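Input: a single structure, listed below in structure tokens.
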Number of protein chains: 4
Amino acid sequence: MGLSIEEGSYVLLFHNRGKKWLVKVTSEKKLHTHLGVIDIPSIIGMEYGSSLQTPLGKVVYLIKPTVHDFIMKSERRTQIVYPKDLGYIAVRAGITNGSQILEIGTGSGATTTFIASIVKPTGHIYSYDINHESISIACRNLNKAGMSEFVTLKEIDARHGMEEKNFDAAIIDLGDPWAVANQVHKALKPCGSFVAICPTINQVEKTAIALKNGFVDIDCSEVLIRNIEAREGMTRPSMRMVGHTAYLIFGRKCDV
Amino acid sequence: MGLSIEEGSYVLLFHNRGKKWLVKVTSEKKLHTHLGVIDIPSIIGMEYGSSLQTPLGKVVYLIKPTVHDFIMKSERRTQIVYPKDLGYIAVRAGITNGSQILEIGTGSGATTTFIASIVKPTGHIYSYDINHESISIACRNLNKAGMSEFVTLKEIDARHGMEEKNFDAAIIDLGDPWAVANQVHKALKPCGSFVAICPTINQVEKTAIALKNGFVDIDCSEVLIRNIEAREGMTRPSMRMVGHTAYLIFGRKCDV
Amino acid sequence: MGLSIEEGSYVLLFHNRGKKWLVKVTSEKKLHTHLGVIDIPSIIGMEYGSSLQTPLGKVVYLIKPTVHDFIMKSERRTQIVYPKDLGYIAVRAGITNGSQILEIGTGSGATTTFIASIVKPTGHIYSYDINHESISIACRNLNKAGMSEFVTLKEIDARHGMEEKNFDAAIIDLGDPWAVANQVHKALKPCGSFVAICPTINQVEKTAIALKNGFVDIDCSEVLIRNIEAREGMTRPSMRMVGHTAYLIFGRKCDV
Amino acid sequence: MGLSIEEGSYVLLFHNRGKKWLVKVTSEKKLHTHLGVIDIPSIIGMEYGSSLQTPLGKVVYLIKPTVHDFIMKSERRTQIVYPKDLGYIAVRAGITNGSQILEIGTGSGATTTFIASIVKPTGHIYSYDINHESISIACRNLNKAGMSEFVTLKEIDARHGMEEKNFDAAIIDLGDPWAVANQVHKALKPCGSFVAICPTINQVEKTAIALKNGFVDIDCSEVLIRNIEAREGMTRPSMRMVGHTAYLIFGRKCDV
């Protein structure tokens with residue numbers, strides 16, 4: 001009843017949280033790891049969820065990668081938006097299956113990949129970035145995760161406006177989100193959601209001020225995630241955590 | 001170019017974060033608020049995104065409700081899973097459009113509503129709860145949000161096993177998630193995701209121990225959200241925050 | 001071996017965290033509480049650490065108040081600095097027994113009381129505030145906690161400079177700490193610590209910029225405290241927490 | 001008006017938060033750093049608060065070390081209690097100048113050093129540890145910070161009880177604080193404070209249960225600290241933070 005691994009498909013080779021590799025299964029590849037060399041062709045025909053032993057006797061599980069795995073193992077040029085933030089963006093902005101999404105600042109395509117996996121197949125993302133390399137990387141990442149057909153990448157400066165209209169939500173990952181607030185307002189449906197991802201508090205403040213013009217329900221949040229090490233009789237939060245990624249700011253287009 | 005409000009549709013009457021009402025627009029209803037009485041039939045034909053003035057001169061915006069609004073304004077019997085947690089569950093468990101989902105512990109259907117909005121129309125949720133009132137409330141909440149057809153509610157004790165199989169993910173919101181770990185393991189696809197929502201750390205520990213049998217990539221997290229009050233020259237986090245809702249624990253079915 | 005409660009001394013009547021009263025024991029006083037009326041003279045001669053029963057059968061412990069109790073139950077005009085922040089200020093600024101302290105912004109004297117309890121008897125605090133009522137309240141609070149002789153309160157505007165010199169540390173609780181940075185610099189010993197308490201991030205930024213002139217080791221932090229409800233088999237953080245009080249910014253006077 | 005650096009005294013050589021060295025000024029020492037070699041005897045006679053240039057042209061400030069500096073730069077065998085926790089312990093347990101303190105689990109003496117700096121000269125700490133190396137390290141650290149005369153180190157197992165009595169507060173830094181709860185109860189004054197430092201939540205739960213016998217006002221907290229990077233127009237929390245050190249649990253001895 002299992003699902004066999006075929007040539008050409010992706011597998012997450014999982015030893016533990018710190019040692020895992022996302023590989024495309026081809027007929028001629030060897031993966032060199034600290035756990036020993038893994039012969040990739042030998043896993044063709046094995047089942048997802050099963051495991052292998054490395055030459056050094058370490059167990060590696062063959063996991064069918066999720067969108068989360070593709071994102072966490074994506075090729076990247078700059079910092080990606082973290083899963084903790086991606087999830088909250090989707091919920092808070094009301095993004096659902098079928099939503100039409102504008103993204104400004106494609107970056108490496110992590111946000112694009114996740115949002116596409118929700119809105120597909122009838123929803124679509126138009127994603128703008130002025131950086132050629134970002135567009136190339138995002139294109140490759142979307143391909144790997146199987147999301148390309150639900151995304152139109154545009155190497156265009158969104159500050160000059162967008163051709164598309166009637167978006168349900170716009171996700172802005174730029175250094176100056178306030179600079180596109182007016183253009184985004186025009187491109188959104190009535191009540192459409194504005195979301196900006198801001199590393200600094202100064203960006204939050206400037207964006208919040210810009211949103212007073214044409215948006216209501218302006219709401220700024222910061223999502224923190226703590227890992228808990230659950231072990232029998234010795235459970236505690238991890239000693240290290242990510243202290244900050246970005247603030248998220250939301251608004252809804254109204255006649256203000 | 002706008003979208004008119006019709007009789008029978010839902011509107012979020014929004015004054016500010018603390019004063020907002022989700023109403024069904026009918027031809028004979030008056031909403032009594034501290035801002036004055038709002039005559040609901042009078043908004044038929046108005047456009048989403050526009051506003052009205054109450055008899056007391058307060059502005060109320062007419063917002064087309066998102067899934068987030070339906071969840072936050074849902075009828076409830078017990079605490080719902082918060083948006084911050086819902087989003088992370090979807091991302092971390094790799095839930096996407098088309099996913100087949102098992103839910104144990106429907107509660108008021110908030111999680112069900114959100115997850116349905118992602119997996120629909122080809123994905124589906126089978127949601128189990130032994131409490132008759134919960135099932136009734138969840139049914140009404142799913143109807144309001146337009147998600148009923150993507151969910152099968154079952155007033156059955158999941159401890160005795162599920163008829164359905166091959167789920168991509170299972171979301172467990174019970175007091176003793178470890179008690180269903182074996183049954184959930186059988187119902188999941190290989191590599192399928194287990195997610196449990198645990199208010200106490202003791203539940204986390206017991207669940208983590210149970211998951212060692214048949215699951216890998218066991219990962220426990222806590223998501224915190226801070227509201228930022230962004231005002232020109234006076235920006236700071238809110239004085240009050242929700243200190244805790246629940247821990248989230250994840251695992252993936254493998255041959256362990 | 002116990003310590004008897006005498007007329008004129010203070011007692012913390014403790015039922016639980018939410019129900020506790022700090023009273024001065026006098027020969028004629030009745031304390032009216034939801035737990036019943038407590039006859040204060042009747043506790044004269046009882047021992048600290050013992051308990052009484054109210055007419056409604058509730059147990060109330062007779063606790064010898066600490067400086068923490070005096071602070072938490074102090075008379076106040078404005079928000080006091082929280083214990084979590086007070087403790088970190090003392091440690092981070094290197095305040096110890098014998099330290100000479102400048103305080104600008106006495107407020108209700110909570111910080112003053114705590115710091116005095118550390119630096120006394122050879123250390124001293126000069127505390128400035130321009131508000132007459134604050135000075136009066138602080139004076140009463142310091143008296144109650146037995147700290148008056150270690151503090152000199154001055155109803156003077158510190159912006160015009162201080163007469164005293166050679167302080168080990170200065171604690172600034174003003175809306176515009178940057179406005180006194182130069183005067184504080186003059187009043188500190190070489191390597192003396194500057195500490196400012198800033199509710200908003202904008203204040204932090206402005207103060208940090210001002211400190212570049214004459215200070216090194218500029219360090220800004222935020223201290224958060226979470227209450228844990230420890231109950232057998234049901235332990236979890238409290239549902240509510242204080243989300244923010246103030247940022248703390250530190251620097252040390254050097255020849256920059 | 002400045003204070004000259006003498007042979008034999010300590011200096012904190014401060015370049016930035018990550019590059020600082022605590023050295024004893026002797027007539028023949030060279031400090032090798034990435035910033036270049038620093039000739040220590042050459043700083044004899046310079047003033048605290050002044051700076052020098054390394055051969056590589058880097059500025060290093062000569063700071064008079066505070067207790068905080070001695071703690072952060074202390075020799076250590078195991079993890080020390082962090083300043084954020086030390087400060088809260090002092091405040092919450094009502095530790096002040098003159099307090100008589102019992103410490104069980106001296107460790108490297110960081111807590112001992114800080115608490116001694118508050119309670120001295122009339123207060124005193126009796127600090128127990130069964131590990132000979134810990135006692136030696138703590139002894140050296142206390143000497144450096146000038147706190148030795150206010151502390152009596154005892155290489156004795158506190159589980160068998162203490163000779164001293166009438167402590168104002170007891171600070172327990174052991175793996176099983178509940179195991180000494182009874183002995184600590186006997187050693188405390190009426191209303192005396194019990195404090196335990198617990199890395200895991202399981203320790204917190206067991207200690208809280210043990211404290212029900214003889215203690216009231218049982219209170220468990222976790223202190224978190226976030227560093228803020230305050231830069232003009234680019235202010236944000238640091239990307240990394242310490243996610244967890246220890247929970248703190250408090251109680252007060254009463255006739256329960």
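By order of appearance in the structure tokens: chains A, B, ..., then residues from 1 within every chain, and ligands from 1 in the order shown.
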
Quick one: residues within 8 Å of Ser99 of chain B, only C-alpha atoms counted, chain neighbours fewer than 4 positions away excluded, as a PDB file with N, CA, C and O atoms, in the first residue's frame?
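Written out: selection.pdb:
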ATOM      1  N   ILE B  95       0.560  21.042   5.033  1.00  0.00           N
ATOM      2  CA  ILE B  95      -0.818  20.986   4.534  1.00  0.00           C
ATOM      3  C   ILE B  95      -0.964  21.965   3.370  1.00  0.00           C
ATOM      4  O   ILE B  95      -0.582  23.124   3.475  1.00  0.00           O
ATOM      5  N   VAL B 119      -7.423  23.357   1.796  1.00  0.00           N
ATOM      6  CA  VAL B 119      -7.387  22.089   1.058  1.00  0.00           C
ATOM      7  C   VAL B 119      -8.473  21.988  -0.006  1.00  0.00           C
ATOM      8  O   VAL B 119      -8.363  21.177  -0.934  1.00  0.00           O
ATOM      9  N   THR B 122     -10.495  19.994  -3.778  1.00  0.00           N
ATOM     10  CA  THR B 122     -10.260  18.553  -3.967  1.00  0.00           C
ATOM     11  C   THR B 122      -9.853  17.861  -2.681  1.00  0.00           C
ATOM     12  O   THR B 122     -10.044  16.662  -2.528  1.00  0.00           O
ATOM     13  N   GLY B 123      -9.282  18.619  -1.759  1.00  0.00           N
ATOM     14  CA  GLY B 123      -8.960  18.035  -0.458  1.00  0.00           C
ATOM     15  C   GLY B 123     -10.220  17.924   0.392  1.00  0.00           C
ATOM     16  O   GLY B 123     -11.278  18.488   0.051  1.00  0.00           O
ATOM     17  N   HIS B 124     -10.094  17.211   1.497  1.00  0.00           N
ATOM     18  CA  HIS B 124     -11.264  16.996   2.345  1.00  0.00           C
ATOM     19  C   HIS B 124     -10.818  16.766   3.775  1.00  0.00           C
ATOM     20  O   HIS B 124      -9.710  16.296   4.024  1.00  0.00           O
ATOM     21  N   PHE B 167      -4.506   9.449   4.980  1.00  0.00           N
ATOM     22  CA  PHE B 167      -4.513  10.889   5.224  1.00  0.00           C
ATOM     23  C   PHE B 167      -3.101  11.469   5.050  1.00  0.00           C
ATOM     24  O   PHE B 167      -2.109  10.836   5.390  1.00  0.00           O
ATOM     25  N   ASP B 168      -3.080  12.687   4.547  1.00  0.00           N
ATOM     26  CA  ASP B 168      -1.800  13.402   4.440  1.00  0.00           C
ATOM     27  C   ASP B 168      -1.374  13.949   5.792  1.00  0.00           C
ATOM     28  O   ASP B 168      -0.176  14.077   6.064  1.00  0.00           O
ATOM     29  N   ALA B 169      -2.359  14.303   6.611  1.00  0.00           N
ATOM     30  CA  ALA B 169      -2.041  14.861   7.929  1.00  0.00           C
ATOM     31  C   ALA B 169      -3.204  14.622   8.875  1.00  0.00           C
ATOM     32  O   ALA B 169      -4.355  14.518   8.447  1.00  0.00           O
TER      33      ALA B 169
END

Given a cut-off of 7 Å, which residues of chain C touch chain B, counting only C-alpha atoms, written out as a VMD selection string? chain C and resid 199 to 202 233 to 245

Would you mind exporting N, CA, C and O atoms of the selected residues as an mmCIF file, in the first residue's frame?
data_model
loop_
_atom_site.group_PDB
_atom_site.id
_atom_site.type_symbol
_atom_site.label_atom_id
_atom_site.label_comp_id
_atom_site.auth_asym_id
_atom_site.auth_seq_id
_atom_site.Cartn_x
_atom_site.Cartn_y
_atom_site.Cartn_z
ATOM 1 N N PRO C 199 9.663 53.499 27.544
ATOM 2 C CA PRO C 199 8.511 52.722 27.059
ATOM 3 C C PRO C 199 8.475 52.527 25.544
ATOM 4 O O PRO C 199 8.069 51.477 25.075
ATOM 5 N N THR C 200 8.913 53.510 24.769
ATOM 6 C CA THR C 200 8.800 53.370 23.312
ATOM 7 C C THR C 200 10.160 53.130 22.664
ATOM 8 O O THR C 200 11.204 53.513 23.185
ATOM 9 N N ILE C 201 10.094 52.534 21.492
ATOM 10 C CA ILE C 201 11.301 52.215 20.754
ATOM 11 C C ILE C 201 11.929 53.488 20.182
ATOM 12 O O ILE C 201 13.146 53.560 20.005
ATOM 13 N N ASN C 202 11.101 54.487 19.960
ATOM 14 C CA ASN C 202 11.628 55.751 19.449
ATOM 15 C C ASN C 202 12.524 56.416 20.489
ATOM 16 O O ASN C 202 13.565 56.987 20.159
ATOM 17 N N GLY C 233 1.026 17.395 36.812
ATOM 18 C CA GLY C 233 0.486 16.824 35.582
ATOM 19 C C GLY C 233 -0.247 17.810 34.695
ATOM 20 O O GLY C 233 -0.805 17.442 33.666
ATOM 21 N N MET C 234 -0.230 19.098 35.063
ATOM 22 C CA MET C 234 -0.978 20.110 34.301
ATOM 23 C C MET C 234 -0.222 21.425 34.240
ATOM 24 O O MET C 234 -0.811 22.503 34.347
ATOM 25 N N THR C 235 1.058 21.368 34.089
ATOM 26 C CA THR C 235 1.873 22.583 34.149
ATOM 27 C C THR C 235 1.908 23.306 32.806
ATOM 28 O O THR C 235 2.109 22.686 31.768
ATOM 29 N N ARG C 236 1.709 24.595 32.881
ATOM 30 C CA ARG C 236 1.766 25.407 31.653
ATOM 31 C C ARG C 236 1.978 26.880 32.013
ATOM 32 O O ARG C 236 1.703 27.280 33.133
ATOM 33 N N PRO C 237 2.432 27.679 31.045
ATOM 34 C CA PRO C 237 2.532 29.112 31.284
ATOM 35 C C PRO C 237 1.130 29.711 31.464
ATOM 36 O O PRO C 237 0.147 29.159 30.971
ATOM 37 N N SER C 238 1.058 30.824 32.165
ATOM 38 C CA SER C 238 -0.220 31.511 32.334
ATOM 39 C C SER C 238 -0.751 31.997 30.994
ATOM 40 O O SER C 238 0.022 32.324 30.096
ATOM 41 N N MET C 239 -2.056 32.036 30.886
ATOM 42 C CA MET C 239 -2.695 32.474 29.642
ATOM 43 C C MET C 239 -2.432 33.956 29.349
ATOM 44 O O MET C 239 -2.389 34.373 28.212
ATOM 45 N N ARG C 240 -2.298 34.732 30.415
ATOM 46 C CA ARG C 240 -2.056 36.167 30.221
ATOM 47 C C ARG C 240 -0.680 36.557 30.712
ATOM 48 O O ARG C 240 -0.187 36.007 31.672
ATOM 49 N N MET C 241 -0.108 37.500 30.041
ATOM 50 C CA MET C 241 1.149 38.028 30.547
ATOM 51 C C MET C 241 1.244 39.511 30.223
ATOM 52 O O MET C 241 0.507 40.028 29.381
ATOM 53 N N VAL C 242 2.147 40.190 30.924
ATOM 54 C CA VAL C 242 2.424 41.574 30.585
ATOM 55 C C VAL C 242 3.278 41.545 29.328
ATOM 56 O O VAL C 242 4.338 40.910 29.305
ATOM 57 N N GLY C 243 2.796 42.176 28.275
ATOM 58 C CA GLY C 243 3.480 42.095 26.988
ATOM 59 C C GLY C 243 4.642 43.052 26.867
ATOM 60 O O GLY C 243 5.570 42.819 26.097
ATOM 61 N N HIS C 244 4.584 44.133 27.637
ATOM 62 C CA HIS C 244 5.642 45.142 27.520
ATOM 63 C C HIS C 244 5.535 46.111 28.674
ATOM 64 O O HIS C 244 4.443 46.489 29.084
ATOM 65 N N THR C 245 6.657 46.485 29.188
ATOM 66 C CA THR C 245 6.684 47.587 30.153
ATOM 67 C C THR C 245 7.593 48.672 29.576
ATOM 68 O O THR C 245 7.119 49.721 29.184
#

Near Ala210 of chain B, within 9 Å and counting only C-alpha atoms, which residues show up once chain neighbours fewer than 4 positions away are dropped, as a list in words?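 Residues meeting the cut-off are Pro177, Trp178, Ala179, Ala181, Asn182, Glu205, Lys206, Gly214 and Phe215 of chain B.
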
Dump C-alpha atoms for the selected residues as a compact mmCIF listing (two decimals), in the first residue's frame?
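Output below, filename out.txt:
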# COMPACT_ATOMS: atom_id res chain seq x y z
CA PRO B 177 -3.25 12.79 22.07
CA TRP B 178 -0.98 9.87 22.93
CA ALA B 179 -4.05 7.67 23.31
CA ALA B 181 -1.24 7.84 18.30
CA ASN B 182 -1.48 4.22 17.13
CA GLU B 205 6.04 15.13 27.01
CA LYS B 206 3.67 12.17 26.94
CA GLY B 214 6.31 5.01 14.40
CA PHE B 215 7.15 8.65 13.85

Can you tell me, as an MDAnalysis selection string, what residues are no more than 9 Å from Ala93 of chain A when counting only C-alpha atoms, ignoring any on the same chain fewer than 4 positions away? (chainID A and resid 88:89 168:170 192:195 250:252) or (chainID B and resid 66:68)

Can you tell me which residues surround Lys24 of chain B at a distance of at most 8 Å, considering only C-alpha atoms, apart from same-chain residues fewer than 2 positions away, and format the answer as a PDB file with C-alpha atoms, in the first residue's frame?
ATOM      1  CA  GLY B   8     -28.206  37.027   2.741  1.00  0.00           C
ATOM      2  CA  SER B   9     -24.521  37.743   2.549  1.00  0.00           C
ATOM      3  CA  TYR B  10     -22.232  38.392   5.519  1.00  0.00           C
ATOM      4  CA  VAL B  11     -20.649  41.705   6.392  1.00  0.00           C
ATOM      5  CA  LEU B  22     -20.102  39.941  11.856  1.00  0.00           C
ATOM      6  CA  THR B  26     -31.339  40.344   6.180  1.00  0.00           C
TER       7      THR B  26
END
